[in-house]
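Trainee: Please find one structure pasted underneath; my questions will follow.
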Amino acid sequence: MVPEHKRHRLSSLLRDCGSVVVGYSGGVDSVFLARIAVDVLGPERVLAVTGKSDSIASWMEDTAREVAERFGIPWLELETREMDDSRYAANPSNRCYFCKSELWTRLADLAAERGFGAVLDGSNADDVGDHRPGAVAATENAVRSPLLEAGLTKDEIRAWSRELGLPTWDQPAAPCLASRIPYGLSVTPERLRQIEQAEIGLRAMGFRDFRVRHHGTVARLEVHPSEIDRVADHRTDIARAVRGAGFERVLIDLQGYRRGSLNEGLAGGQLVQLGAFA
């Protein structure tokens with residue numbers, strides 16, 4: 001259950017904003033925030049904006065569009081150009097700062113042009129303490145985080161989303177495709193397409209919570225521990241799908257999917273080769 005004081009606090013924060021542009025990725029938090037904003041402020045005072053770029057998976061874009069249409073959330077797709085920034089493409093450990101600087105600058109300009117009172121993101125109380133260089137860019141652009149300000153946790157957001165009938169209530173976390181590329185290995189449209197193609201193949205097999213990590217010619221597959229037993233059953237299909245995306249080898253990380261593995265690299269976990277390029 002979500003405490004009543006948090007529900008009231010979120011409504012109060014949104015009313016104080018007056019009208020809002022919501023950074024709307026199609027993920028659990030941003031979908032929830034946009035829906036609540038429409039309920040509290042009315043659709044004429046809300047605009048959900050999805051940044052469109054090579055780093056955003058196509059299924060996230062589809063989810064954003066479909067949920068907006070189903071629940072009457074005013075929605076706009078806005079092309080972002082973080083790939084043109086050499087600092088972003090170089091993929092340093094603060095890569096997200098350059099991406100979010102592009103996004104929040106564009107949304108702040110849009111809000112000013114259309115007369116909206118505030119730009120919002122979907123950060124929640126569980127995000128405090130994470131390595132989040134993108135949060136610096138949000139602060140620089142005066143982006144507010146009402147879910148965080150209201151003290152809502154991820155579990156509470158999922159529970160409330162379920163109450164509202166949002167199809168995203170149990171959706172796994174889905175950060176941008178660039179988060180699958182280890183720091184220092186450049187972000188390119190080709191690598192992002194490889195990741196997306198491989199992950200589409202895994203999704204078609206029924207896997208839900210996983211990552212295909214890009215290590216040059218090698219793909220490192222992290223599957224949630226609850227699903228890892230299924231990997232052996234799909235060994236041949238996984239190898240075919242991932243190699244079909246352009247990788248030469250597929251490795252399974254026996255530690256499974258977990259947050260914060262981006263820095264580990266190929267030597268950081270227990271790996272088993274699933275397939276070699278013929």
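By order of appearance in the structure tokens: chains A, B, ..., then residues from 1 within every chain, and ligands from 1 in the order shown.
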Mind checking DSSP for stretch 5-48 of chain A and telling me the strand (DSSP E or B) residues as a PyMOL selection string?

Mentor: chain A and resi 20-23+46-48

Trainee: Please dump the current selection as a PDB file, in the first residue's frame; keep C-alpha atoms.

Mentor:
ATOM      1  CA  VAL A  20       4.254  20.544 -16.578  1.00  0.00           C
ATOM      2  CA  VAL A  21       6.399  18.998 -19.277  1.00  0.00           C
ATOM      3  CA  VAL A  22       7.252  15.433 -18.258  1.00  0.00           C
ATOM      4  CA  GLY A  23      10.372  13.666 -19.505  1.00  0.00           C
ATOM      5  CA  VAL A  46       0.496  18.362 -19.190  1.00  0.00           C
ATOM      6  CA  LEU A  47       2.792  17.441 -22.052  1.00  0.00           C
ATOM      7  CA  ALA A  48       4.728  14.154 -21.969  1.00  0.00           C
TER       8      ALA A  48
END

Trainee: Can you tell me, as a ChimeraX atom specification, what residues are no more than 10 Å from A:Gln171 when counting only C-alpha atoms, ignoring any on the same chain fewer than 6 positions away?

Mentor: /A:26-28,158,208-209

Trainee: Write down as a PyMOL selection string the residues belonging to stretch 25-263 of chain A that are assigned alpha helix (DSSP H) by DSSP computed on the backbone.

Mentor: chain A and resi 28-41+58-71+86-89+95-114+133-140+146-149+154-163+189-204+235-244

Trainee: When you look at A:Arg162 with a cut-off of 12 Å (counting only C-alpha atoms), what residues show up, excluding the ones that are within fewer than 4 positions of it in the same chain? I need them as a ChimeraX atom specification.

Mentor: /A:1-2,28,31-32,155-158,166-171

Trainee: Please report the interatomic distance between atom CA of A:Gly244 and atom CA of A:Arg258 in Å with one decimal.

Mentor: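 Going from atom CA of A:Gly244 over to atom CA of A:Arg258, I get 25.2 Å.
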
Trainee: Have a look at A:Thr63, A:Ser179, A:Ser19, A:Ser25 and name the one nearest to A:Asn94; count only C-alpha atoms.

Mentor: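 That would be A:Ser179, the residue with the smallest distance to A:Asn94.
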
Trainee: Within 10 Å of A:Leu110, counting only C-alpha atoms, which residues show up once you throw out same-chain ones fewer than 5 positions away? Write them as a list of chain:residue names, please.

Mentor: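 The neighbour list is A:Val21, A:Val49, A:Leu78, A:Trp104, A:Thr105, A:Gly115, A:Phe116, A:Val119.
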
Trainee: Could you write those residues out with N, CA and C atoms, as a PDB file, in the first residue's frame?

Mentor:
ATOM      1  N   VAL A  21       5.845  19.849 -18.224  1.00  0.00           N
ATOM      2  CA  VAL A  21       6.399  18.998 -19.277  1.00  0.00           C
ATOM      3  C   VAL A  21       7.084  17.838 -18.560  1.00  0.00           C
ATOM      4  N   VAL A  49       6.907  14.228 -23.031  1.00  0.00           N
ATOM      5  CA  VAL A  49       7.826  14.328 -24.167  1.00  0.00           C
ATOM      6  C   VAL A  49       8.843  13.193 -24.127  1.00  0.00           C
ATOM      7  N   LEU A  78      10.352  14.119 -29.536  1.00  0.00           N
ATOM      8  CA  LEU A  78      11.290  15.172 -29.873  1.00  0.00           C
ATOM      9  C   LEU A  78      12.656  14.558 -30.152  1.00  0.00           C
ATOM     10  N   TRP A 104      17.361  17.678 -21.359  1.00  0.00           N
ATOM     11  CA  TRP A 104      16.723  18.658 -20.478  1.00  0.00           C
ATOM     12  C   TRP A 104      16.812  20.068 -21.023  1.00  0.00           C
ATOM     13  N   THR A 105      17.871  20.387 -21.752  1.00  0.00           N
ATOM     14  CA  THR A 105      17.944  21.701 -22.395  1.00  0.00           C
ATOM     15  C   THR A 105      16.830  21.852 -23.426  1.00  0.00           C
ATOM     16  N   GLY A 115       4.858  27.873 -22.555  1.00  0.00           N
ATOM     17  CA  GLY A 115       4.281  28.440 -21.349  1.00  0.00           C
ATOM     18  C   GLY A 115       3.998  27.451 -20.231  1.00  0.00           C
ATOM     19  N   PHE A 116       4.708  26.335 -20.190  1.00  0.00           N
ATOM     20  CA  PHE A 116       4.549  25.376 -19.087  1.00  0.00           C
ATOM     21  C   PHE A 116       5.385  25.829 -17.895  1.00  0.00           C
ATOM     22  N   VAL A 119       9.490  21.566 -15.696  1.00  0.00           N
ATOM     23  CA  VAL A 119       9.897  20.326 -16.363  1.00  0.00           C
ATOM     24  C   VAL A 119      10.149  19.298 -15.267  1.00  0.00           C
TER      25      VAL A 119
END

Trainee: Set out as JSON lines a contact list for stretch 26-99 of chain A and stretch 127-143 of chain A with a cut-off of 9 Å, giving each residue of stretch 26-99 of chain A that qualifies its closest atom pair and distance in Å to one decimal, counting only C-alpha atoms, ordered by chain and rising residue number.

Mentor:
{"residue": "A:Ser93", "atom": "CA", "partner": "A:Pro133", "partner_atom": "CA", "distance": 8.5}
{"residue": "A:Asn94", "atom": "CA", "partner": "A:Pro133", "partner_atom": "CA", "distance": 5.5}
{"residue": "A:Arg95", "atom": "CA", "partner": "A:Pro133", "partner_atom": "CA", "distance": 7.7}
{"residue": "A:Cys96", "atom": "CA", "partner": "A:Gly134", "partner_atom": "CA", "distance": 5.0}
{"residue": "A:Tyr97", "atom": "CA", "partner": "A:Gly134", "partner_atom": "CA", "distance": 4.3}
{"residue": "A:Phe98", "atom": "CA", "partner": "A:Gly134", "partner_atom": "CA", "distance": 7.6}
{"residue": "A:Cys99", "atom": "CA", "partner": "A:Gly134", "partner_atom": "CA", "distance": 7.4}

Trainee: Please determine, counting only C-alpha atoms, which residue among A:Ile200, A:Val242, A:Leu33, A:Ala112 has the shortest atom-to-atom distance to A:Ala68.

Mentor: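 That would be A:Leu33, the residue with the smallest distance to A:Ala68.
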
Trainee: What lies within 9 Å of A:Gly201 using only C-alpha atoms, ignoring chain neighbours under 6 positions off, as an NGL selection string?

Mentor: :A and (237-238 or 241-242)

Trainee: If we count only C-alpha atoms, what is near A:Phe210 at a cut-off of 9 Å, once residues fewer than 4 positions away on the same chain are taken out, given as a PyMOL selection string?

Mentor: chain A and resi 172+199+202+221-224+227+256-258

Trainee: Looking at A:Met205, A:Leu251, A:Leu10, A:Ala178, which one is nearest to A:Tyr88, with distances taken over only C-alpha atoms?

Mentor: A:Ala178

Trainee: A:Arg15, A:Arg243, A:Arg35, A:His234: which is nearest A:Phe71, counting only C-alpha atoms?

Mentor: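 Of A:Arg15, A:Arg243, A:Arg35, A:His234, the one nearest A:Phe71 is A:Arg35, counting only C-alpha atoms.
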
Trainee: Go through A:Phe207, A:Trp160, A:Tyr24, A:Tyr183 and flag the residue nearest A:Leu107, using only C-alpha atoms for the distances.

Mentor: A:Tyr24

Trainee: Go through A:Ala204, A:Leu177, A:Met83, A:Ala90 and flag the residue nearest A:Leu103, using only C-alpha atoms for the distances.

Mentor: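 Nearest candidate to A:Leu103 out of A:Ala204, A:Leu177, A:Met83, A:Ala90: A:Met83.
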
Trainee: What is the distance between atom CA of A:Glu4 and atom CA of A:Arg70, in Å to one decimal?

Mentor: 26.6 Å
